[in-house]
file data-v1.cif (mmCIF, C-alpha atoms)
data_data
#
loop_
_atom_site.label_atom_id
_atom_site.label_comp_id
_atom_site.auth_asym_id
_atom_site.auth_seq_id
_atom_site.Cartn_x
_atom_site.Cartn_y
_atom_site.Cartn_z
CA MET A 1 79.29 113.26 106.05
CA SER A 2 80.81 112.39 102.64
CA ILE A 3 80.08 109.17 100.78
CA ALA A 4 83.74 108.20 101.22
CA THR A 5 83.43 108.53 105.00
CA VAL A 6 80.26 106.43 105.00
CA VAL A 7 81.92 103.70 102.91
CA LEU A 8 84.99 103.69 105.13
CA LYS A 9 82.83 103.27 108.22
CA LYS A 10 80.95 100.38 106.59
CA LEU A 11 84.30 98.76 105.78
CA GLY A 12 85.52 99.29 109.31
CA LEU A 13 88.40 101.51 108.23
CA ASN A 14 89.50 104.93 109.37
CA GLU A 15 91.09 107.42 106.97
CA ASP A 16 94.68 106.43 107.83
CA GLU A 17 93.93 102.74 107.30
CA ALA A 18 92.17 103.45 104.00
CA LEU A 19 95.06 105.59 102.77
CA ARG A 20 97.54 102.88 103.74
CA GLU A 21 95.47 100.26 101.87
CA ILE A 22 95.34 102.45 98.76
CA ALA A 23 99.08 103.09 98.91
CA LEU A 24 99.76 99.37 99.40
CA PHE A 25 97.54 98.50 96.43
CA HIS A 26 99.29 100.94 94.10
CA ALA A 27 102.79 100.10 95.35
CA SER A 28 102.03 96.39 94.84
CA GLN A 29 100.95 97.13 91.27
CA LYS A 30 104.19 98.99 90.55
CA LEU A 31 106.19 96.15 92.08
CA ALA A 32 104.38 93.62 89.87
CA GLU A 33 105.11 95.70 86.75
CA PHE A 34 108.84 95.88 87.46
CA GLN A 35 108.93 92.22 88.51
CA GLN A 36 107.30 91.24 85.21
CA ASP A 37 109.98 93.14 83.29
CA CYS A 38 112.71 91.42 85.30
CA ASP A 39 111.09 88.03 84.72
CA LEU A 40 111.15 88.59 80.95
CA PHE A 41 114.87 89.35 81.00
CA GLU A 42 115.59 86.42 83.31
CA LYS A 43 113.80 84.13 80.89
CA LYS A 44 115.56 85.64 77.86
CA TYR A 45 119.04 85.29 79.35
CA SER A 46 118.45 82.34 81.74
CA MET A 47 120.07 84.18 84.64
CA THR A 48 119.43 86.78 87.31
CA PHE A 49 120.22 90.46 86.85
CA ILE A 50 123.24 90.18 89.17
CA GLU A 51 124.65 87.31 87.09
CA PHE A 52 123.94 89.21 83.87
CA GLU A 53 125.61 92.35 85.22
CA LYS A 54 128.78 90.42 86.08
CA LYS A 55 128.81 88.72 82.70
CA ASN A 56 128.14 92.00 80.88
CA LYS A 57 131.07 93.69 82.64
CA SER A 58 133.43 90.92 81.58
CA GLU A 59 132.34 90.98 77.91
CA LYS A 60 134.96 92.51 75.63
CA THR A 61 132.88 92.73 72.47
CA GLU A 62 130.26 95.39 71.86
CA ASN A 63 126.70 94.16 71.54
CA VAL A 64 124.05 96.87 71.16
CA GLU A 65 121.08 94.63 72.01
CA ARG A 66 122.80 93.27 75.12
CA ASP A 67 123.78 96.77 76.23
CA GLU A 68 120.25 98.10 75.71
CA ASP A 69 118.86 95.12 77.61
CA PHE A 70 121.34 95.75 80.40
CA PHE A 71 120.12 99.31 80.96
CA ALA A 72 116.45 98.36 80.65
CA TRP A 73 116.94 95.44 83.03
CA LYS A 74 118.91 97.59 85.48
CA PHE A 75 116.07 100.12 85.50
CA ALA A 76 113.51 97.34 86.08
CA HIS A 77 115.66 95.71 88.78
CA GLU A 78 116.16 98.97 90.68
CA GLY A 79 112.47 99.80 90.34
CA MET A 80 111.55 96.36 91.65
CA LEU A 81 113.82 96.76 94.68
CA TYR A 82 112.44 100.25 95.37
CA TRP A 83 108.79 99.18 95.26
CA GLN A 84 109.52 95.97 97.14
CA GLU A 85 110.89 98.05 100.01
CA LYS A 86 107.82 100.32 99.96
CA VAL A 87 105.41 97.36 99.96
CA GLU A 88 107.25 95.74 102.88
CA LYS A 89 107.16 98.98 104.89
CA LEU A 90 103.45 99.45 104.20
CA GLN A 91 102.73 95.84 105.17
CA LYS A 92 104.68 96.22 108.42
CA SER A 93 102.89 99.45 109.27
CA LYS A 94 99.58 97.67 108.63
CA CYS A 95 100.50 94.99 111.15
CA LEU A 96 101.17 97.63 113.78
CA LEU A 97 97.59 98.88 113.47
CA TYR A 98 95.93 95.54 114.21
#
call {"tool": "encode", "arguments": {"input": "data-v1.cif", "output": "structure tokens"}}
result
Amino acid sequence: MSIATVVLKKLGLNEDEALREIALFHASQKLAEFQQDCDLFEKKYSMTFIEFEKKNKSEKTENVERDEDFFAWKFAHEGMLYWQEKVEKLQKSKCLLY
């Protein structure tokens, strides 16, 4: 019996539960990273990404910093939504086990 199996038994987890917990931990970390990036942009521009996107589309003048921020924020926003979905699915599957 491996040390990992012994530890899992002591924790009252089977391999599927342990794997789910590890995946949830890492997915939650990724979500927090993307959320932090979004929070920085929201603070900088005092608006949500959706509001910023609408405003950016209506701007007629070129602004390199704003355009760079738009693409960085879009990447962070899409990453946040992706990992948020994964975390929610992992949390729901956890509830089904107990």
call {"tool": "resolve_selection", "arguments": {"input": "data-v1.cif", "expression": "the PyMOL selection byres ((chain A and resi 4) around 12)", "output": "VMD selection string"}}
result
chain A and resid 1 to 3 5 to 11 13 to 15 18 to 19
call {"tool": "atom_distance", "arguments": {"input": "data-v1.cif", "atom1": "CA of Phe49 (chain A)", "atom2": "CA of Trp73 (chain A)"}}
result
7.1 Å
call {"tool": "atom_distance", "arguments": {"input": "data-v1.cif", "atom1": "CA of Lys86 (chain A)", "atom2": "CA of Asn56 (chain A)"}}
result
29.1 Å
call {"tool": "resolve_selection", "arguments": {"input": "data-v1.cif", "expression": "the PyMOL selection byres ((chain A and resi 31) around 10)", "output": "PyMOL selection string"}}
result
chain A and resi 25-30+32-36+76+79-87
call {"tool": "atom_distance", "arguments": {"input": "data-v1.cif", "atom1": "CA of Glu17 (chain A)", "atom2": "CA of Ser93 (chain A)"}}
result
9.7 Å
call {"tool": "resolve_selection", "arguments": {"input": "data-v1.cif", "expression": "the PyMOL selection byres ((chain A and resi 61-72) around 10)", "output": "PyMOL selection string"}}
result
chain A and resi 37-38+41+45+49+52-53+56+58-60+73-77
call {"tool": "build_atoms", "arguments": {"input": "data-v1.cif", "residues": "region 5-38 of chain A", "atoms": "N, CA and C atoms", "output": "compact mmCIF listing (two decimals), in the coordinates of the input"}}
result
# COMPACT_ATOMS: atom_id res chain seq x y z
N THR A 5 83.42 108.77 103.56
CA THR A 5 83.43 108.53 105.00
C THR A 5 82.44 107.43 105.36
N VAL A 6 81.27 107.46 104.74
CA VAL A 6 80.26 106.43 105.00
C VAL A 6 80.78 105.06 104.58
N VAL A 7 81.39 104.98 103.40
CA VAL A 7 81.92 103.70 102.91
C VAL A 7 83.03 103.20 103.82
N LEU A 8 83.91 104.09 104.24
CA LEU A 8 84.99 103.69 105.13
C LEU A 8 84.44 103.13 106.44
N LYS A 9 83.43 103.77 106.99
CA LYS A 9 82.83 103.27 108.22
C LYS A 9 82.23 101.89 108.02
N LYS A 10 81.55 101.69 106.89
CA LYS A 10 80.95 100.38 106.59
C LYS A 10 82.02 99.30 106.45
N LEU A 11 83.19 99.70 105.94
CA LEU A 11 84.30 98.76 105.78
C LEU A 11 85.10 98.57 107.07
N GLY A 12 84.80 99.38 108.05
CA GLY A 12 85.52 99.29 109.31
C GLY A 12 86.91 99.89 109.26
N LEU A 13 87.10 100.88 108.39
CA LEU A 13 88.40 101.51 108.23
C LEU A 13 88.33 102.99 108.60
N ASN A 14 89.41 103.48 109.19
CA ASN A 14 89.50 104.93 109.37
C ASN A 14 90.29 105.49 108.18
N GLU A 15 90.44 106.80 108.12
CA GLU A 15 91.09 107.42 106.97
C GLU A 15 92.54 106.99 106.82
N ASP A 16 93.28 106.86 107.91
CA ASP A 16 94.68 106.43 107.83
C ASP A 16 94.78 105.01 107.29
N GLU A 17 93.91 104.13 107.77
CA GLU A 17 93.93 102.74 107.30
C GLU A 17 93.58 102.66 105.81
N ALA A 18 92.59 103.44 105.40
CA ALA A 18 92.17 103.45 104.00
C ALA A 18 93.30 103.97 103.11
N LEU A 19 93.95 105.04 103.53
CA LEU A 19 95.06 105.59 102.77
C LEU A 19 96.20 104.59 102.65
N ARG A 20 96.49 103.90 103.73
CA ARG A 20 97.54 102.88 103.74
C ARG A 20 97.18 101.75 102.77
N GLU A 21 95.92 101.33 102.77
CA GLU A 21 95.47 100.26 101.87
C GLU A 21 95.59 100.69 100.40
N ILE A 22 95.23 101.93 100.13
CA ILE A 22 95.34 102.45 98.76
C ILE A 22 96.80 102.51 98.34
N ALA A 23 97.65 103.02 99.22
CA ALA A 23 99.08 103.09 98.91
C ALA A 23 99.66 101.70 98.70
N LEU A 24 99.27 100.74 99.53
CA LEU A 24 99.76 99.37 99.40
C LEU A 24 99.31 98.77 98.08
N PHE A 25 98.07 99.01 97.70
CA PHE A 25 97.54 98.50 96.43
C PHE A 25 98.35 99.03 95.25
N HIS A 26 98.57 100.34 95.22
CA HIS A 26 99.29 100.94 94.10
C HIS A 26 100.78 100.56 94.10
N ALA A 27 101.38 100.51 95.27
CA ALA A 27 102.79 100.10 95.35
C ALA A 27 102.94 98.64 94.90
N SER A 28 102.00 97.80 95.26
CA SER A 28 102.03 96.39 94.84
C SER A 28 101.90 96.28 93.32
N GLN A 29 101.08 97.12 92.73
CA GLN A 29 100.95 97.13 91.27
C GLN A 29 102.26 97.52 90.60
N LYS A 30 102.91 98.56 91.11
CA LYS A 30 104.19 98.99 90.55
C LYS A 30 105.23 97.88 90.69
N LEU A 31 105.26 97.25 91.86
CA LEU A 31 106.19 96.15 92.08
C LEU A 31 105.95 95.05 91.06
N ALA A 32 104.71 94.69 90.83
CA ALA A 32 104.38 93.62 89.87
C ALA A 32 104.83 93.99 88.46
N GLU A 33 104.69 95.26 88.08
CA GLU A 33 105.11 95.70 86.75
C GLU A 33 106.62 95.54 86.57
N PHE A 34 107.38 96.00 87.55
CA PHE A 34 108.84 95.88 87.46
C PHE A 34 109.28 94.42 87.56
N GLN A 35 108.60 93.64 88.39
CA GLN A 35 108.93 92.22 88.51
C GLN A 35 108.69 91.50 87.18
N GLN A 36 107.60 91.85 86.50
CA GLN A 36 107.30 91.24 85.21
C GLN A 36 108.40 91.54 84.20
N ASP A 37 108.88 92.79 84.18
CA ASP A 37 109.98 93.14 83.29
C ASP A 37 111.23 92.34 83.61
N CYS A 38 111.54 92.21 84.89
CA CYS A 38 112.71 91.42 85.30
C CYS A 38 112.55 89.96 84.90
